[in-house]
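So this one's structure36.pdb, PDB, N, CA and C atoms and all ligand atoms:
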ATOM      1  N   MET A   1    -113.804   2.860 -26.582
ATOM      2  CA  MET A   1    -113.964   3.620 -25.329
ATOM      3  C   MET A   1    -114.158   5.091 -25.657
ATOM      4  N   ASP A   2    -114.816   5.784 -24.811
ATOM      5  CA  ASP A   2    -114.973   7.218 -25.076
ATOM      6  C   ASP A   2    -113.800   7.984 -24.459
ATOM      7  N   SER A   3    -113.786   9.253 -24.705
ATOM      8  CA  SER A   3    -112.622  10.041 -24.293
ATOM      9  C   SER A   3    -112.472  10.098 -22.773
ATOM     10  N   GLY A   4    -113.591   9.939 -22.061
ATOM     11  CA  GLY A   4    -113.513   9.961 -20.599
ATOM     12  C   GLY A   4    -112.726   8.775 -20.072
ATOM     13  N   ASP A   5    -113.023   7.571 -20.644
ATOM     14  CA  ASP A   5    -112.276   6.385 -20.225
ATOM     15  C   ASP A   5    -110.791   6.543 -20.513
ATOM     16  N   TRP A   6    -110.538   7.041 -21.713
ATOM     17  CA  TRP A   6    -109.149   7.224 -22.123
ATOM     18  C   TRP A   6    -108.421   8.140 -21.130
ATOM     19  N   ALA A   7    -109.087   9.224 -20.768
ATOM     20  CA  ALA A   7    -108.462  10.193 -19.863
ATOM     21  C   ALA A   7    -108.189   9.573 -18.498
ATOM     22  N   SER A   8    -109.165   8.783 -18.015
ATOM     23  CA  SER A   8    -108.967   8.227 -16.683
ATOM     24  C   SER A   8    -107.893   7.145 -16.699
ATOM     25  N   GLN A   9    -107.839   6.388 -17.807
ATOM     26  CA  GLN A   9    -106.788   5.368 -17.885
ATOM     27  C   GLN A   9    -105.413   6.005 -17.966
ATOM     28  N   LEU A  10    -105.365   7.090 -18.708
ATOM     29  CA  LEU A  10    -104.089   7.786 -18.842
ATOM     30  C   LEU A  10    -103.656   8.321 -17.471
ATOM     31  N   ALA A  11    -104.619   8.884 -16.747
ATOM     32  CA  ALA A  11    -104.294   9.445 -15.442
ATOM     33  C   ALA A  11    -103.788   8.345 -14.513
ATOM     34  N   GLU A  12    -104.417   7.179 -14.601
ATOM     35  CA  GLU A  12    -104.012   6.085 -13.725
ATOM     36  C   GLU A  12    -102.600   5.612 -14.054
ATOM     37  N   ALA A  13    -102.313   5.527 -15.358
ATOM     38  CA  ALA A  13    -100.971   5.122 -15.772
ATOM     39  C   ALA A  13     -99.943   6.121 -15.264
ATOM     40  N   ASP A  14    -100.300   7.384 -15.355
ATOM     41  CA  ASP A  14     -99.381   8.420 -14.877
ATOM     42  C   ASP A  14     -99.150   8.288 -13.381
ATOM     43  N   ARG A  15    -100.221   7.987 -12.665
ATOM     44  CA  ARG A  15    -100.104   7.883 -11.209
ATOM     45  C   ARG A  15     -99.211   6.687 -10.847
ATOM     46  N   GLU A  16     -99.440   5.563 -11.552
ATOM     47  CA  GLU A  16     -98.626   4.383 -11.267
ATOM     48  C   GLU A  16     -97.157   4.655 -11.556
ATOM     49  N   ARG A  17     -96.929   5.374 -12.653
ATOM     50  CA  ARG A  17     -95.539   5.672 -12.999
ATOM     51  C   ARG A  17     -94.921   6.583 -11.943
ATOM     52  N   ALA A  18     -95.696   7.537 -11.501
ATOM     53  CA  ALA A  18     -95.188   8.470 -10.492
ATOM     54  C   ALA A  18     -94.845   7.727  -9.199
ATOM     55  N   VAL A  19     -95.727   6.804  -8.813
ATOM     56  CA  VAL A  19     -95.474   6.029  -7.600
ATOM     57  C   VAL A  19     -94.216   5.196  -7.772
ATOM     58  N   GLU A  20     -94.067   4.614  -8.960
ATOM     59  CA  GLU A  20     -92.902   3.772  -9.220
ATOM     60  C   GLU A  20     -91.611   4.583  -9.157
ATOM     61  N   VAL A  21     -91.651   5.749  -9.772
ATOM     62  CA  VAL A  21     -90.477   6.617  -9.752
ATOM     63  C   VAL A  21     -90.150   7.009  -8.314
ATOM     64  N   TRP A  22     -91.196   7.329  -7.550
ATOM     65  CA  TRP A  22     -90.974   7.729  -6.161
ATOM     66  C   TRP A  22     -90.380   6.570  -5.370
ATOM     67  N   ARG A  23     -90.954   5.368  -5.581
ATOM     68  CA  ARG A  23     -90.478   4.203  -4.831
ATOM     69  C   ARG A  23     -89.016   3.915  -5.166
ATOM     70  N   LYS A  24     -88.702   4.021  -6.470
ATOM     71  CA  LYS A  24     -87.341   3.765  -6.914
ATOM     72  C   LYS A  24     -86.387   4.786  -6.304
ATOM     73  N   SER A  25     -86.833   6.025  -6.241
ATOM     74  CA  SER A  25     -85.968   7.061  -5.689
ATOM     75  C   SER A  25     -85.693   6.799  -4.218
ATOM     76  N   GLN A  26     -86.682   6.198  -3.545
ATOM     77  CA  GLN A  26     -86.475   5.863  -2.134
ATOM     78  C   GLN A  26     -85.489   4.713  -2.008
ATOM     79  N   LEU A  27     -85.646   3.683  -2.867
ATOM     80  CA  LEU A  27     -84.790   2.500  -2.789
ATOM     81  C   LEU A  27     -83.362   2.818  -3.211
ATOM     82  N   ASP A  28     -83.262   3.653  -4.251
ATOM     83  CA  ASP A  28     -81.939   3.932  -4.802
ATOM     84  C   ASP A  28     -81.175   4.968  -3.999
ATOM     85  N   ARG A  29     -81.831   5.568  -3.043
ATOM     86  CA  ARG A  29     -81.166   6.633  -2.296
ATOM     87  C   ARG A  29     -79.954   6.062  -1.560
ATOM     88  N   PRO A  30     -78.793   6.474  -1.935
ATOM     89  CA  PRO A  30     -77.596   5.943  -1.283
ATOM     90  C   PRO A  30     -77.398   6.564   0.087
ATOM     91  N   ALA A  31     -76.660   5.862   0.922
ATOM     92  CA  ALA A  31     -76.319   6.436   2.218
ATOM     93  C   ALA A  31     -75.415   7.638   1.987
ATOM     94  N   GLY A  32     -75.621   8.656   2.752
ATOM     95  CA  GLY A  32     -74.750   9.807   2.654
ATOM     96  C   GLY A  32     -74.946  10.625   1.402
ATOM     97  N   ASP A  33     -76.183  10.761   0.934
ATOM     98  CA  ASP A  33     -76.421  11.578  -0.254
ATOM     99  C   ASP A  33     -76.738  13.020   0.119
ATOM    100  N   GLY A  34     -76.608  13.327   1.394
ATOM    101  CA  GLY A  34     -76.793  14.710   1.812
ATOM    102  C   GLY A  34     -78.207  15.059   2.203
ATOM    103  N   ILE A  35     -79.114  14.058   2.168
ATOM    104  CA  ILE A  35     -80.492  14.316   2.560
ATOM    105  C   ILE A  35     -80.796  13.477   3.801
ATOM    106  N   CYS A  36     -81.362  14.116   4.806
ATOM    107  CA  CYS A  36     -81.686  13.407   6.033
ATOM    108  C   CYS A  36     -82.759  12.344   5.756
ATOM    109  N   GLN A  37     -82.513  11.117   6.198
ATOM    110  CA  GLN A  37     -83.470  10.038   5.949
ATOM    111  C   GLN A  37     -84.706  10.167   6.820
ATOM    112  N   SER A  38     -84.612  10.940   7.872
ATOM    113  CA  SER A  38     -85.749  11.073   8.767
ATOM    114  C   SER A  38     -86.649  12.246   8.401
ATOM    115  N   CYS A  39     -86.075  13.393   8.119
ATOM    116  CA  CYS A  39     -86.912  14.572   7.860
ATOM    117  C   CYS A  39     -86.815  15.052   6.413
ATOM    118  N   ASP A  40     -85.980  14.381   5.582
ATOM    119  CA  ASP A  40     -85.864  14.711   4.164
ATOM    120  C   ASP A  40     -85.329  16.106   3.894
ATOM    121  N   ARG A  41     -84.706  16.683   4.875
ATOM    122  CA  ARG A  41     -84.105  17.997   4.645
ATOM    123  C   ARG A  41     -82.614  17.818   4.384
ATOM    124  N   PRO A  42     -82.011  18.755   3.690
ATOM    125  CA  PRO A  42     -80.576  18.632   3.413
ATOM    126  C   PRO A  42     -79.780  18.618   4.717
ATOM    127  N   ILE A  43     -78.805  17.736   4.771
ATOM    128  CA  ILE A  43     -77.941  17.701   5.939
ATOM    129  C   ILE A  43     -76.922  18.834   5.792
ATOM    130  N   PRO A  44     -76.722  19.618   6.832
ATOM    131  CA  PRO A  44     -75.774  20.737   6.738
ATOM    132  C   PRO A  44     -74.402  20.281   6.251
ATOM    133  N   ALA A  45     -73.799  21.076   5.381
ATOM    134  CA  ALA A  45     -72.518  20.711   4.777
ATOM    135  C   ALA A  45     -71.455  20.482   5.836
ATOM    136  N   ALA A  46     -71.518  21.256   6.903
ATOM    137  CA  ALA A  46     -70.517  21.119   7.958
ATOM    138  C   ALA A  46     -70.597  19.728   8.586
ATOM    139  N   ARG A  47     -71.828  19.230   8.731
ATOM    140  CA  ARG A  47     -71.998  17.902   9.319
ATOM    141  C   ARG A  47     -71.490  16.829   8.356
ATOM    142  N   LEU A  48     -71.768  17.021   7.075
ATOM    143  CA  LEU A  48     -71.294  16.054   6.076
ATOM    144  C   LEU A  48     -69.779  16.065   5.969
ATOM    145  N   ALA A  49     -69.199  17.242   6.143
ATOM    146  CA  ALA A  49     -67.740  17.342   6.072
ATOM    147  C   ALA A  49     -67.123  16.576   7.234
ATOM    148  N   ALA A  50     -67.766  16.672   8.394
ATOM    149  CA  ALA A  50     -67.246  15.990   9.572
ATOM    150  C   ALA A  50     -67.560  14.501   9.522
ATOM    151  N   LEU A  51     -68.714  14.174   8.913
ATOM    152  CA  LEU A  51     -69.166  12.780   8.895
ATOM    153  C   LEU A  51     -69.792  12.485   7.531
ATOM    154  N   PRO A  52     -68.958  12.177   6.533
ATOM    155  CA  PRO A  52     -69.456  11.998   5.149
ATOM    156  C   PRO A  52     -70.518  10.920   5.010
ATOM    157  N   THR A  53     -70.550   9.970   5.926
ATOM    158  CA  THR A  53     -71.518   8.889   5.817
ATOM    159  C   THR A  53     -72.813   9.195   6.561
ATOM    160  N   ALA A  54     -72.920  10.394   7.096
ATOM    161  CA  ALA A  54     -74.126  10.748   7.847
ATOM    162  C   ALA A  54     -75.361  10.613   6.961
ATOM    163  N   THR A  55     -76.383   9.953   7.447
ATOM    164  CA  THR A  55     -77.615   9.809   6.678
ATOM    165  C   THR A  55     -78.763  10.560   7.342
ATOM    166  N   ARG A  56     -78.463  11.203   8.457
ATOM    167  CA  ARG A  56     -79.478  12.009   9.136
ATOM    168  C   ARG A  56     -78.850  13.304   9.631
ATOM    169  N   CYS A  57     -79.658  14.346   9.743
ATOM    170  CA  CYS A  57     -79.153  15.574  10.320
ATOM    171  C   CYS A  57     -78.963  15.356  11.832
ATOM    172  N   ALA A  58     -78.256  16.253  12.454
ATOM    173  CA  ALA A  58     -77.889  16.051  13.857
ATOM    174  C   ALA A  58     -79.098  15.825  14.787
ATOM    175  N   PRO A  59     -80.125  16.653  14.713
ATOM    176  CA  PRO A  59     -81.277  16.438  15.616
ATOM    177  C   PRO A  59     -81.959  15.091  15.376
ATOM    178  N   CYS A  60     -82.095  14.685  14.116
ATOM    179  CA  CYS A  60     -82.737  13.408  13.813
ATOM    180  C   CYS A  60     -81.854  12.250  14.271
ATOM    181  N   GLN A  61     -80.560  12.374  14.076
ATOM    182  CA  GLN A  61     -79.644  11.320  14.499
ATOM    183  C   GLN A  61     -79.746  11.136  16.008
ATOM    184  N   ALA A  62     -79.780  12.243  16.733
ATOM    185  CA  ALA A  62     -79.869  12.179  18.192
ATOM    186  C   ALA A  62     -81.169  11.500  18.603
ATOM    187  N   GLY A  63     -82.274  11.883  17.958
ATOM    188  CA  GLY A  63     -83.560  11.276  18.289
ATOM    189  C   GLY A  63     -83.591   9.804  17.933
ATOM    190  N   TRP A  64     -82.981   9.472  16.794
ATOM    191  CA  TRP A  64     -82.973   8.094  16.322
ATOM    192  C   TRP A  64     -82.176   7.211  17.279
ATOM    193  N   GLU A  65     -81.038   7.711  17.748
ATOM    194  CA  GLU A  65     -80.215   6.919  18.661
ATOM    195  C   GLU A  65     -80.897   6.759  20.011
ATOM    196  N   GLU A  66     -81.655   7.781  20.405
ATOM    197  CA  GLU A  66     -82.383   7.704  21.676
ATOM    198  C   GLU A  66     -83.460   6.630  21.634
ATOM    199  N   GLU A  67     -84.077   6.492  20.452
ATOM    200  CA  GLU A  67     -85.175   5.534  20.317
ATOM    201  C   GLU A  67     -84.718   4.093  20.434
ATOM    202  N   ARG A  68     -83.471   3.840  20.105
ATOM    203  CA  ARG A  68     -82.985   2.465  20.085
ATOM    204  C   ARG A  68     -82.707   1.903  21.471
TER     205      ARG A  68
HETATM  206 ZN    ZN A 101     -83.394  15.303   9.927
END
As structure tokens:
Amino acid sequence: MDSGDWASQLAEADRERAVEVWRKSQLDRPAGDGICQSCDRPIPAARLAALPTATRCAPCQAGWEEER
């Protein structure tokens, strides 16, 4: 193969690995890790202190409960 093929195969392998790492990070994310599951922003420490198992920030939790 020429160097172009090699480069594109390498890029593809990297992309697959990146996707895998991302997918794993999503699956392995434990409940209450301090990151909102809806908006991916850090949950305020005060909220976590009051509710250690919180998996969403207050606005997202409110919206999520409304949707149900
Ligand atoms: Zn949120």
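You can rank A:Gln9, A:Gly63, A:Ser38, A:Pro44 by their closest distance to ligand ZN 101 (chain A) using only C-alpha atoms and all ligand atoms, and at the top of that list sits A:Ser38.
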Just want the residues within 7 Å of ligand ZN 101 (chain A), written as a list in words, counting only N, CA and C atoms and all ligand atoms.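 So, counting only N, CA and C atoms and all ligand atoms, the residues near ligand ZN 101 (chain A) are Ile35, Cys36, Gln37, Ser38, Cys39, Asp40, Arg41, Arg56, Cys57, Ala58, Pro59, Cys60 and Gln61 of chain A.
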Build an axis-aligned box that encloses every atom of stretch 18-22 of chain A listed in the file, pad it by 5 Å on each side, and report its centre and edge lengths in Å to one decimal, as JSON.
{"center_x": -92.9, "center_y": 6.1, "center_z": -8.4, "size_x": 15.6, "size_y": 14.7, "size_z": 16.1}
Coordinates-based distance that separates atom C of A:Ala54 from atom C of A:Gly34 (Å, one decimal):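 For atom C of A:Gly34 relative to atom C of A:Ala54, the distance reads 7.1 Å.
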So how far away is atom N of A:Arg47 from atom N of A:Glu65, in Å?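 That distance, rounded to one decimal, is 17.3 Å.
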Env of A:Asp33: 9 Å cut, atoms = only C-alpha atoms, seq-sep filter 4 positions within chain, self excluded. Answer as a PDB file with N, CA and C atoms, keeping the file's coordinate frame.
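Written out: result_17.pdb:
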ATOM      1  N   ARG A  29     -81.831   5.568  -3.043  1.00  0.00           N
ATOM      2  CA  ARG A  29     -81.166   6.633  -2.296  1.00  0.00           C
ATOM      3  C   ARG A  29     -79.954   6.062  -1.560  1.00  0.00           C
ATOM      4  N   PRO A  42     -82.011  18.755   3.690  1.00  0.00           N
ATOM      5  CA  PRO A  42     -80.576  18.632   3.413  1.00  0.00           C
ATOM      6  C   PRO A  42     -79.780  18.618   4.717  1.00  0.00           C
ATOM      7  N   ILE A  43     -78.805  17.736   4.771  1.00  0.00           N
ATOM      8  CA  ILE A  43     -77.941  17.701   5.939  1.00  0.00           C
ATOM      9  C   ILE A  43     -76.922  18.834   5.792  1.00  0.00           C
ATOM     10  N   PRO A  52     -68.958  12.177   6.533  1.00  0.00           N
ATOM     11  CA  PRO A  52     -69.456  11.998   5.149  1.00  0.00           C
ATOM     12  C   PRO A  52     -70.518  10.920   5.010  1.00  0.00           C
ATOM     13  N   THR A  53     -70.550   9.970   5.926  1.00  0.00           N
ATOM     14  CA  THR A  53     -71.518   8.889   5.817  1.00  0.00           C
ATOM     15  C   THR A  53     -72.813   9.195   6.561  1.00  0.00           C
ATOM     16  N   ALA A  54     -72.920  10.394   7.096  1.00  0.00           N
ATOM     17  CA  ALA A  54     -74.126  10.748   7.847  1.00  0.00           C
ATOM     18  C   ALA A  54     -75.361  10.613   6.961  1.00  0.00           C
ATOM     19  N   THR A  55     -76.383   9.953   7.447  1.00  0.00           N
ATOM     20  CA  THR A  55     -77.615   9.809   6.678  1.00  0.00           C
ATOM     21  C   THR A  55     -78.763  10.560   7.342  1.00  0.00           C
TER      22      THR A  55
END
